[in-house]
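Reviewing the structure listed below.
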Amino acid sequence: MPVRTAVIPAAGLGTRFLPATKAIPKEMLPLIDRPSIQYVVEEAAEAGIQRIVLVTSRGKSTMEDHFDLAPELEAALEAKSDTRSLELVRRPAQLAEIISVRQKRQLGLGHAVLTARQAVGREPFIVYLPDDIIRHPVSATHQMLSVFERYKASVVAVEDVPRERVSSYGVIQGEQVEERLWHVRGMVEKPAPDQAPSTLGIVGRYVLTPEVFDALEKVRPGAIGEIQLTDAIALLARSQPVYAYQFQGRRYDVGTPQGMLRASVEMALEREDMAPALVPWLKALARRLEG
């Protein structure tokens with residue numbers, strides 16, 4: 001069965017961006033000229049994903065509004081014959097069917113995914129963490145779906161991280177079966193560097209079979225009362241194959257102000273409408289700082 005549904009957990013409080021996120025969802029903060037979450041939805045739509053399940057919470061309705069039609073704004077732009085702006089405004093609503101479910105209590109990523117169970121149904125799906133923007137000519141989604149189609153099994157995205165930073169990741173244990181691909185035998189959530197089974201850290205893309213929902217029902221909350229998605233995937237790996245794919249591309253963590261700033265600058269440098277003015281300014285700024 002093809003993967004046609006994506007789940008995007010977006011119910012967090014965004015405390016790293018306070019006070020900006022006091023009234024605005026973190027996922028709606030602009031990355032250059034569009035909300036950061038739109039980049040993830042665009043990646044999904046470009047890869048053929050038809051339905052997006054947004055897992056939200058109280059105060060996050062602006063995300064739903066962004067991916068809806070805006071009749072008054074569209075009428076005003078049409079009246080001014082501003083076709084470029086009109087296309088930009090209409091695009092989010094044309095990307096995919098958007099479904100919203102509410103996570104009423106913040107009980108971890110695993111719980112957020114489990115909240116989407118009814119909306120997803122009994123079919124494979126992909127989970128995106130909206131803090132992770134991955135850039136490559138062949139999207140990370142396309143790369144992972146290619147693995148899923150070959151092996152008909154769950155696939156998690158991993159990258160090789162410095163050992164001193166593994167305590168910030170879920171880390172896989174397994175054996176390599178082909179270039180960039182590992183058969184997962186286990187996972188450890190945020191291990192100490194000297195106890196990590198590898199340096200392959202799990203990042204924000206997961207192609208999952210529907211049986212992961214049964215595993216999530218069985219997983220017990222951890223020390224801080226949260227249900228971990230990695231615990232459920234590790235449990236799933238006991239009954240069916242699970243793979244880890246080291247994707248090609250550059251990942252930006254836009255879940256912190258520094259990461260958002262870095263992504264904004266580097267992605268702006270890729271744009272023909274921005275780079276010509278930005279490059280001389282950055283060079284002048286570097287000379288001033290060096291002086």
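Residue numbering restarts at 1 for every chain of the structure tokens, chains are lettered A, B, ... in their displayed order, and ligands are numbered from 1 as they appear.
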When DSSP is applied to the backbone of this structure, which of stretch 165-203 of chain A are assigned helix (DSSP H, G or I)? Write them out as a JSON list (two decimals) with C-alpha atoms, in the first residue's frame.
[["chain", "number", "residue", "atom", "x", "y", "z"],
["A", 165, "ARG", "CA", 26.07, 14.89, 21.30],
["A", 166, "VAL", "CA", 24.34, 11.50, 21.21],
["A", 167, "SER", "CA", 22.62, 12.23, 24.53],
["A", 168, "SER", "CA", 20.34, 14.60, 22.60],
["A", 193, "PRO", "CA", 28.06, 9.00, 25.17],
["A", 194, "ASP", "CA", 29.94, 6.03, 26.59],
["A", 195, "GLN", "CA", 26.81, 3.85, 26.50]]
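Between A:Met274 and the candidates A:Phe213, A:Leu54, A:Asp33, A:Glu290, the tightest atom-to-atom separation, counting only C-alpha atoms, involves A:Asp33.
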Worksheet item: Could you name the residues that touch A:Leu107 at 7 Å or less, counting only C-alpha atoms, but leaving out those on the same chain fewer than 5 positions away, as an NGL selection string?
Response: :A and (225-227)
Generate a file of the selected residues that holds N, CA and C atoms, formatted as a PDB file, in the first residue's frame.
ATOM      1  N   GLY A 225       6.936  10.967  32.550  1.00  0.00           N
ATOM      2  CA  GLY A 225       5.539  10.766  32.201  1.00  0.00           C
ATOM      3  C   GLY A 225       5.222  10.854  30.727  1.00  0.00           C
ATOM      4  N   GLU A 226       6.242  10.770  29.859  1.00  0.00           N
ATOM      5  CA  GLU A 226       6.018  10.891  28.423  1.00  0.00           C
ATOM      6  C   GLU A 226       6.137   9.534  27.729  1.00  0.00           C
ATOM      7  N   ILE A 227       5.348   9.359  26.677  1.00  0.00           N
ATOM      8  CA  ILE A 227       5.408   8.156  25.855  1.00  0.00           C
ATOM      9  C   ILE A 227       6.350   8.441  24.694  1.00  0.00           C
TER      10      ILE A 227
END
Item to complete: List every residue of stretch 124-164 of chain A that DSSP, applied to the backbone of this structure, assigns to strand (DSSP E), and report them as a ChimeraX atom specification.
Response: /A:125-128,132-135,154-160
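Note that the spacing between atom CA of A:Pro130 and atom CA of A:Val40 amounts to 6.2 Å.
When only C-alpha atoms are used to measure the gap to A:Ile8, the shortest distance among A:Gln240, A:Ser85, A:Ser100, A:Gln106 belongs to A:Ser100.
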Worksheet item: Just how far from atom CA of A:Arg51 is atom CA of A:Met187, in Å to one decimal?
Response: 28.9 Å
Practice prompt. Write out as a list of chain:residue names which residues come within 10 Å of A:Glu46 when counting only C-alpha atoms, dropping same-chain ones fewer than 5 positions away.
Written response: A:Val40, A:Val41, A:Leu95, A:Ala96, A:Ser139, A:Thr141, A:His142
Worksheet item: Can you tell me, as a PyMOL selection string, what residues are no more than 12 Å from A:Gly121 when counting only C-alpha atoms, ignoring any on the same chain fewer than 6 positions away?
Response: chain A and resi 3-7+51+53+114-115+209-213
